[in-house]
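Structure file my_file12.cif (mmCIF, C-alpha atoms and all ligand atoms) follows.
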data_coords
loop_
_atom_site.label_atom_id
_atom_site.label_comp_id
_atom_site.auth_asym_id
_atom_site.auth_seq_id
_atom_site.Cartn_x
_atom_site.Cartn_y
_atom_site.Cartn_z
CA MET A 1 -4.02 -20.57 -5.62
CA SER A 2 -4.10 -22.23 -2.25
CA ASP A 3 -3.76 -19.80 0.63
CA ASP A 4 -1.50 -22.27 2.44
CA ARG A 5 2.17 -21.52 3.01
CA ARG A 6 2.33 -18.31 1.04
CA VAL A 7 5.22 -15.88 1.04
CA VAL A 8 4.01 -12.28 1.21
CA LEU A 9 6.10 -9.16 0.62
CA VAL A 10 4.59 -5.97 2.06
CA THR A 11 6.38 -2.72 1.22
CA GLY A 12 6.16 0.15 3.66
CA SER A 13 5.32 -2.24 6.48
CA THR A 14 7.27 -0.45 9.23
CA THR A 15 4.15 1.52 10.15
CA GLY A 16 0.54 2.38 9.26
CA ILE A 17 -1.45 0.37 6.73
CA GLY A 18 1.58 -1.69 5.70
CA GLU A 19 2.30 -2.73 9.27
CA ALA A 20 -1.34 -3.77 9.68
CA CYS A 21 -1.11 -5.80 6.46
CA ALA A 22 2.05 -7.55 7.67
CA ARG A 23 0.40 -8.41 10.98
CA VAL A 24 -2.80 -9.68 9.32
CA PHE A 25 -0.99 -11.89 6.80
CA GLY A 26 1.45 -13.07 9.48
CA GLY A 27 -1.40 -13.85 11.85
CA CYS A 28 -3.11 -15.91 9.16
CA GLY A 29 -0.10 -18.20 8.71
CA ASP A 30 1.75 -16.57 5.82
CA ALA A 31 5.50 -15.92 5.88
CA VAL A 32 5.92 -12.15 5.65
CA MET A 33 8.78 -9.98 4.43
CA VAL A 34 8.54 -6.64 6.22
CA ALA A 35 10.24 -3.83 4.28
CA GLY A 36 11.01 -0.15 4.80
CA ARG A 37 13.74 2.30 5.72
CA HIS A 38 13.15 2.50 9.45
CA VAL A 39 15.13 -0.40 10.91
CA ALA A 40 13.92 -0.24 14.52
CA ARG A 41 10.27 -0.07 13.52
CA GLY A 42 10.71 -2.85 10.96
CA ARG A 43 12.32 -5.13 13.53
CA ALA A 44 9.53 -4.34 16.02
CA VAL A 45 6.91 -5.42 13.48
CA VAL A 46 8.81 -8.67 12.85
CA ASP A 47 9.10 -9.29 16.60
CA ALA A 48 5.36 -8.77 17.06
CA ILE A 49 4.50 -11.23 14.26
CA ARG A 50 6.92 -13.82 15.67
CA ALA A 51 5.62 -13.31 19.20
CA ALA A 52 2.15 -14.14 17.89
CA GLY A 53 3.49 -17.39 16.42
CA GLY A 54 4.02 -16.19 12.86
CA ARG A 55 6.99 -16.17 10.48
CA ALA A 56 8.53 -12.87 9.36
CA GLU A 57 11.80 -11.30 8.25
CA PHE A 58 12.83 -7.67 7.80
CA ALA A 59 14.53 -6.15 4.78
CA PRO A 60 15.75 -2.57 5.23
CA VAL A 61 15.22 -0.83 1.90
CA ASP A 62 14.92 2.61 0.35
CA LEU A 63 12.72 2.08 -2.69
CA ARG A 64 14.07 5.25 -4.34
CA VAL A 65 17.48 3.64 -4.85
CA ALA A 66 18.18 2.20 -8.31
CA GLY A 67 18.05 -1.59 -8.28
CA ALA A 68 16.49 -1.75 -4.79
CA CYS A 69 13.18 -3.19 -6.00
CA ASP A 70 14.66 -6.09 -7.97
CA ALA A 71 17.00 -6.77 -5.06
CA LEU A 72 14.11 -6.79 -2.56
CA VAL A 73 12.16 -9.37 -4.56
CA ALA A 74 15.29 -11.51 -4.93
CA GLU A 75 16.02 -11.22 -1.20
CA THR A 76 12.44 -12.24 -0.35
CA VAL A 77 12.68 -15.33 -2.54
CA ALA A 78 16.10 -16.23 -1.15
CA ARG A 79 15.16 -15.81 2.52
CA LEU A 80 11.57 -17.06 2.50
CA GLY A 81 11.56 -19.51 -0.39
CA GLY A 82 9.30 -17.85 -2.96
CA LEU A 83 6.89 -14.98 -3.53
CA HIS A 84 3.15 -15.52 -3.81
CA VAL A 85 1.71 -12.16 -2.77
CA LEU A 86 3.11 -8.68 -3.28
CA VAL A 87 1.45 -5.82 -1.42
CA ASN A 88 2.66 -2.54 -2.90
CA ASN A 89 1.85 -0.30 0.03
CA ALA A 90 4.79 2.12 0.45
CA GLY A 91 3.76 5.64 -0.43
CA ILE A 92 4.54 9.28 0.24
CA LEU A 93 2.51 12.47 -0.05
CA TYR A 94 3.31 16.16 -0.42
CA SER A 95 0.56 18.74 0.12
CA ALA A 96 1.07 21.32 -2.63
CA SER A 97 -0.62 22.79 -5.69
CA ALA A 98 1.05 22.47 -9.09
CA VAL A 99 2.83 25.81 -8.88
CA ASP A 100 4.10 25.06 -5.37
CA THR A 101 5.29 21.53 -6.12
CA THR A 102 9.06 21.41 -6.59
CA ASP A 103 10.78 19.22 -9.17
CA GLU A 104 12.22 17.20 -6.29
CA GLN A 105 8.80 16.59 -4.72
CA TRP A 106 7.29 15.57 -8.04
CA LEU A 107 10.13 13.18 -8.87
CA GLU A 108 10.26 11.66 -5.39
CA THR A 109 6.50 11.07 -5.38
CA MET A 110 6.74 9.31 -8.73
CA ALA A 111 9.85 7.38 -7.63
CA VAL A 112 8.17 5.86 -4.56
CA ASN A 113 4.49 5.72 -5.51
CA VAL A 114 4.81 4.74 -9.19
CA ASN A 115 8.30 3.67 -10.28
CA ALA A 116 9.02 1.42 -7.31
CA LEU A 117 5.55 -0.13 -7.52
CA PHE A 118 6.13 -0.90 -11.20
CA TYR A 119 9.66 -2.29 -10.73
CA LEU A 120 8.52 -4.45 -7.81
CA SER A 121 5.49 -5.72 -9.71
CA ARG A 122 7.55 -6.55 -12.78
CA ALA A 123 10.09 -8.49 -10.71
CA ALA A 124 7.30 -10.21 -8.79
CA VAL A 125 5.51 -11.33 -11.96
CA ARG A 126 8.73 -12.82 -13.30
CA GLN A 127 8.98 -14.88 -10.10
CA MET A 128 5.26 -15.71 -9.88
CA ARG A 129 5.08 -16.88 -13.50
CA GLY A 130 7.64 -19.55 -12.69
CA GLN A 131 5.50 -20.63 -9.73
CA GLY A 132 2.29 -20.62 -11.80
CA ARG A 133 0.40 -18.47 -9.31
CA GLY A 134 0.46 -15.13 -7.58
CA ALA A 135 -1.44 -12.05 -6.49
CA ILE A 136 -0.50 -8.40 -6.38
CA VAL A 137 -2.46 -5.86 -4.35
CA ASN A 138 -1.63 -2.20 -4.86
CA VAL A 139 -2.52 0.37 -2.24
CA ALA A 140 -3.87 3.23 -4.35
CA SER A 141 -6.17 5.90 -2.90
CA GLU A 142 -9.56 7.51 -3.29
CA TRP A 143 -7.43 10.42 -4.50
CA GLY A 144 -6.45 8.24 -7.47
CA LEU A 145 -10.11 8.11 -8.47
CA ASN A 146 -10.96 11.76 -7.82
CA GLY A 147 -8.98 14.98 -7.74
CA GLU A 148 -8.04 16.62 -4.46
CA PRO A 149 -6.99 20.28 -4.15
CA ASN A 150 -3.36 20.83 -3.21
CA HIS A 151 -2.21 17.28 -3.93
CA VAL A 152 -1.46 17.12 -7.66
CA ALA A 153 1.63 14.89 -7.52
CA TYR A 154 0.04 12.41 -5.13
CA CYS A 155 -3.24 12.23 -7.08
CA ALA A 156 -1.36 11.76 -10.37
CA SER A 157 0.72 8.99 -8.83
CA LYS A 158 -2.30 7.13 -7.47
CA GLY A 159 -4.12 7.44 -10.80
CA ALA A 160 -1.08 5.81 -12.38
CA VAL A 161 -1.23 3.02 -9.79
CA LEU A 162 -4.79 2.22 -10.86
CA GLN A 163 -3.82 2.09 -14.54
CA ILE A 164 -0.81 -0.14 -13.80
CA THR A 165 -3.22 -2.38 -11.87
CA ARG A 166 -5.61 -2.70 -14.80
CA CYS A 167 -2.93 -3.21 -17.47
CA MET A 168 -0.92 -5.77 -15.51
CA ALA A 169 -4.09 -7.67 -14.65
CA LEU A 170 -4.84 -7.99 -18.37
CA ASP A 171 -1.28 -8.92 -19.30
CA HIS A 172 -0.97 -11.66 -16.68
CA ALA A 173 -4.47 -13.09 -16.24
CA ARG A 174 -3.41 -16.16 -18.22
CA ASP A 175 -0.34 -16.61 -16.04
CA GLY A 176 -2.52 -17.23 -12.98
CA ILE A 177 -1.57 -13.86 -11.53
CA ARG A 178 -4.27 -11.50 -10.27
CA VAL A 179 -3.60 -7.78 -9.86
CA ASN A 180 -5.97 -5.57 -7.86
CA ALA A 181 -5.96 -2.38 -5.83
CA VAL A 182 -7.55 -0.95 -2.74
CA CYS A 183 -8.53 2.71 -2.62
CA PRO A 184 -8.43 3.79 1.01
CA GLY A 185 -10.25 6.92 2.08
CA GLU A 186 -9.28 8.53 5.37
CA ILE A 187 -7.28 6.05 7.43
CA HIS A 188 -5.87 7.21 10.75
CA THR A 189 -2.10 6.91 10.22
CA ARG A 190 0.95 9.15 10.27
CA MET A 191 0.11 10.26 6.73
CA VAL A 192 -3.26 11.73 7.75
CA ASP A 193 -1.75 13.35 10.82
CA GLU A 194 0.80 15.05 8.56
CA ILE A 195 -1.89 16.28 6.15
CA LEU A 196 -3.86 17.74 9.05
CA ALA A 197 -0.75 19.29 10.59
CA HIS A 198 -0.01 20.93 7.23
CA LYS A 199 -3.44 22.63 7.39
CA GLY A 200 -2.53 24.31 10.67
CA GLY A 201 -5.00 25.05 13.49
CA ASP A 202 -6.09 22.63 16.18
CA ALA A 203 -5.23 19.01 15.35
CA GLY A 204 -8.17 17.54 17.26
CA GLU A 205 -10.62 19.93 15.64
CA ASN A 206 -9.20 19.16 12.18
CA LEU A 207 -9.66 15.46 12.84
CA ARG A 208 -13.28 15.93 13.97
CA ALA A 209 -14.03 18.04 10.89
CA LEU A 210 -12.52 15.39 8.64
CA ALA A 211 -14.62 12.64 10.24
CA ALA A 212 -17.78 14.76 10.01
CA GLY A 213 -17.49 14.88 6.21
CA ILE A 214 -17.33 11.08 5.79
CA PRO A 215 -20.66 9.21 5.36
CA MET A 216 -19.70 6.78 8.15
CA ARG A 217 -18.64 9.78 10.27
CA ARG A 218 -15.28 8.31 11.25
CA LEU A 219 -11.83 7.50 9.96
CA ALA A 220 -10.81 3.87 9.49
CA SER A 221 -8.15 1.94 11.34
CA PRO A 222 -5.24 0.53 9.29
CA GLU A 223 -6.53 -2.96 10.08
CA GLU A 224 -9.78 -2.27 8.23
CA VAL A 225 -7.74 -1.72 5.06
CA ALA A 226 -5.46 -4.67 5.77
CA TRP A 227 -8.34 -7.15 5.83
CA CYS A 228 -9.50 -5.91 2.42
CA VAL A 229 -5.98 -6.33 1.07
CA HIS A 230 -5.95 -9.83 2.56
CA PHE A 231 -9.25 -10.65 0.86
CA LEU A 232 -8.06 -9.50 -2.56
CA ALA A 233 -4.90 -11.60 -2.18
CA SER A 234 -6.84 -14.68 -1.09
CA GLU A 235 -8.55 -17.56 -2.88
CA ARG A 236 -11.87 -16.02 -1.85
CA ALA A 237 -11.15 -13.41 -4.54
CA SER A 238 -10.07 -16.02 -7.11
CA TYR A 239 -12.14 -14.46 -9.96
CA VAL A 240 -11.30 -10.84 -9.11
CA THR A 241 -8.63 -9.09 -11.15
CA GLY A 242 -7.97 -5.69 -12.66
CA THR A 243 -10.21 -3.78 -10.31
CA HIS A 244 -10.17 -1.76 -7.12
CA LEU A 245 -11.99 -1.96 -3.80
CA SER A 246 -12.83 1.34 -2.14
CA VAL A 247 -12.28 1.29 1.62
CA ASP A 248 -13.54 4.76 2.37
CA GLY A 249 -16.60 4.76 4.63
CA GLY A 250 -18.80 5.70 1.66
CA ASN A 251 -16.82 8.66 0.30
CA ASP A 252 -16.68 7.34 -3.26
CA ALA A 253 -20.47 6.89 -3.33
CA THR A 254 -21.07 10.63 -3.01
CA ALA A 255 -20.85 13.26 -5.74
CA GLY A 256 -19.91 16.08 -3.40
CA PRO A 257 -19.60 17.06 0.25
CA TYR A 258 -21.63 14.68 2.39
CA PRO A 259 -24.28 16.59 4.40
N1 LIG A 301 -3.66 7.06 5.49
C1 LIG A 301 -4.56 7.27 4.55
O1 LIG A 301 -5.61 7.89 4.82
C2 LIG A 301 -4.36 6.78 3.15
C3 LIG A 301 -5.38 7.00 2.23
C4 LIG A 301 -5.24 6.54 0.95
C5 LIG A 301 -4.10 5.85 0.58
N2 LIG A 301 -3.10 5.66 1.48
C6 LIG A 301 -1.90 4.93 1.04
O2 LIG A 301 -1.62 3.87 1.92
C7 LIG A 301 -0.23 3.60 1.90
C8 LIG A 301 0.31 3.56 3.32
O3 LIG A 301 0.10 4.84 3.90
P1 LIG A 301 0.02 5.11 5.46
O4 LIG A 301 -1.14 5.98 5.68
O5 LIG A 301 0.13 3.83 6.20
O6 LIG A 301 1.33 6.01 5.60
P2 LIG A 301 2.60 5.95 6.55
O7 LIG A 301 2.19 5.56 7.93
O8 LIG A 301 3.31 7.23 6.32
O9 LIG A 301 3.45 4.72 5.96
C9 LIG A 301 4.14 4.84 4.74
C10 LIG A 301 5.07 3.64 4.61
O10 LIG A 301 5.82 3.80 3.38
C11 LIG A 301 7.18 3.54 3.63
N3 LIG A 301 8.04 4.32 2.74
C12 LIG A 301 7.94 5.63 2.42
N4 LIG A 301 8.96 6.00 1.63
C13 LIG A 301 9.72 4.89 1.44
C14 LIG A 301 10.92 4.64 0.72
N5 LIG A 301 11.57 5.58 0.04
N6 LIG A 301 11.43 3.38 0.75
C15 LIG A 301 10.81 2.41 1.46
N7 LIG A 301 9.68 2.59 2.15
C16 LIG A 301 9.14 3.83 2.15
C17 LIG A 301 7.39 3.97 5.08
O11 LIG A 301 8.46 3.22 5.65
P3 LIG A 301 9.83 3.90 6.20
O12 LIG A 301 9.47 5.21 6.81
O13 LIG A 301 10.33 2.87 7.18
O14 LIG A 301 10.70 3.99 5.01
C18 LIG A 301 6.08 3.55 5.74
O15 LIG A 301 6.16 2.22 6.20
C19 LIG A 301 0.41 4.67 1.01
O16 LIG A 301 0.62 4.17 -0.28
C20 LIG A 301 -0.64 5.76 1.00
O17 LIG A 301 -0.56 6.56 -0.16
C21 LIG A 301 -3.20 6.10 2.76
#

Written as structure tokens, how would this file's structure read?
Ligand SMILES: NC(=O)c1ccc[n+]([C@@H]2O[C@H](COP(=O)([O-])OP(=O)(O)OC[C@H]3O[C@@H](n4cnc5c(N)ncnc54)[C@H](OP(=O)(O)O)[C@@H]3O)[C@@H](O)[C@H]2O)c1
Amino acid sequence: MSDDRRVVLVTGSTTGIGEACARVFGGCGDAVMVAGRHVARGRAVVDAIRAAGGRAEFAPVDLRVAGACDALVAETVARLGGLHVLVNNAGILYSASAVDTTDEQWLETMAVNVNALFYLSRAAVRQMRGQGRGAIVNVASEWGLNGEPNHVAYCASKGAVLQITRCMALDHARDGIRVNAVCPGEIHTRMVDEILAHKGGDAGENLRALAAGIPMRRLASPEEVAWCVHFLASERASYVTGTHLSVDGGNDATAGPYP
């Protein structure tokens, strides 16, 4: 698949890792569909990409709504002329053990992190098959590879993302469609700030303690994940499918707390 003139849909691109992905793809010459619920932030991301000379549109969408995923893929094709790369980035997290997780939290986590990702991927493959090429990159998590106390719904959802990645890669390898995932570790976004706030205590001290437990001794920026997503979606990764790339400062290489 040539990397020229691609149309890229990035879900959850109003902020954080998704915003960084939208800016990286847009900066590299791709036409980007920015998507999320927050209209002002979405428009600001589009404005920034256009100001840098890129092409972008914004689609306000709540991925929990029935039919929203199929409609988003159709809107992307209609407004930008195709769909060559889908970045399934939108995700939510609740910090709770099994007994403290409500039915609503469980179902919402699955609705955004798993169901929407599947519906979007299915719709994207139908479009990409007709084009004879395509790439899907799912933003999973290191917590999809390993368990994490107090995050059962999130960990279960990200484990499912990795299995969807593997199965869809096998199903569609012969269609010219590659499906891969990234597994971010600790990336400094709103999501991490919320996890640390949930712990209580001093936010700065919590952040320093978190960094101290990572082999590279720091959190990553969203851009460091975005470039890995860009690589997996590019021709440079033309023989890579059905796998994940850890972007975690070395966390996944350790068997326990890093000294
Ligand atoms: N930060 C980390 O350390 C880390 C680590 C591992 C994996 N991840 C994964 O990376 C991805 C991005 O996370 P982040 O850290 O960048 O978090 P974030 O800043 O909270 O961004 C989450 C994005 O998801 C979108 N979103 C959430 N619910 C949605 C819904 N119902 N409909 C449409 N969009 C929705 C949000 O957009 P709106 O608010 O505009 O709807 C936002 O753009 C997630 O899948 C997360 O699980 C993050």

Set up a box along x, y and z of the file covering all listed atoms of ligand LIG 301 (chain A), add 4 Å on every one of the six sides, and write the centre and edge lengths in Å to one decimal, as JSON.
{"center_x": 3.0, "center_y": 5.1, "center_z": 3.8, "size_x": 25.2, "size_y": 13.7, "size_z": 16.2}

- List the neighbours of range 143-157 of chain A out to 10 Å using only C-alpha atoms; skip same-chain residues closer than 6 positions along the sequence, and give me the result as number ranges by chain. A: 91-102, 105-115, 163, 183-185, 244, 246, 252

- Nearest residue to ligand LIG 301 (chain A) from the set A:Leu210, A:Leu196, A:Val45, A:Ile187 (distances using all atoms listed in the file): A:Ile187

- Task: Return the single residue from A:Gly242, A:Gly130, A:Pro215, A:Gly42 that is closest to Arg178 in chain A, with distances computed using only C-alpha atoms.
- Result: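 When distances to Arg178 in chain A are compared using only C-alpha atoms, the smallest one comes from A:Gly242.
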
- Item | For CA of Gly82 in chain A and CA of Ser121 in chain A, the interatomic separation in Å (one decimal) | 14.4 Å

- Message: I'd like the neighbourhood of Ala209 in chain A as a ChimeraX atom specification, where a residue qualifies if any of its atoms comes within 12 Å (using all atoms listed in the file), though same-chain residues fewer than 5 positions away should be ignored.
- Response: /A:186,196,201-204,214,217-219,258

- Task: Select the residues contacting ligand LIG 301 (chain A) at a distance of at most 6 Å, based on only C-alpha atoms and all ligand atoms, then format the selection as a PyMOL selection string.
- Result: chain A and resi 12-18+36-38+61-64+89-92+112+139-141+184-192

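Compared by their closest atoms to Val125 in chain A, and using only C-alpha atoms, the residues A:Cys228, A:Cys21, A:Val161, A:Leu86 rank with A:Leu86 nearest.
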
- Nearest to His230 in chain A, chosen from A:Gly250, A:Ala52, A:Arg79, A:Ala181, with only C-alpha atoms counted in the distances: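 Of A:Gly250, A:Ala52, A:Arg79, A:Ala181, the one nearest His230 in chain A is A:Ala181, counting only C-alpha atoms.
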
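When all atoms listed in the file are used to compute distances to Gly67 in chain A, the closest of the residues A:Val24, A:Cys167, A:Leu80, A:Leu120 turns out to be A:Leu120.
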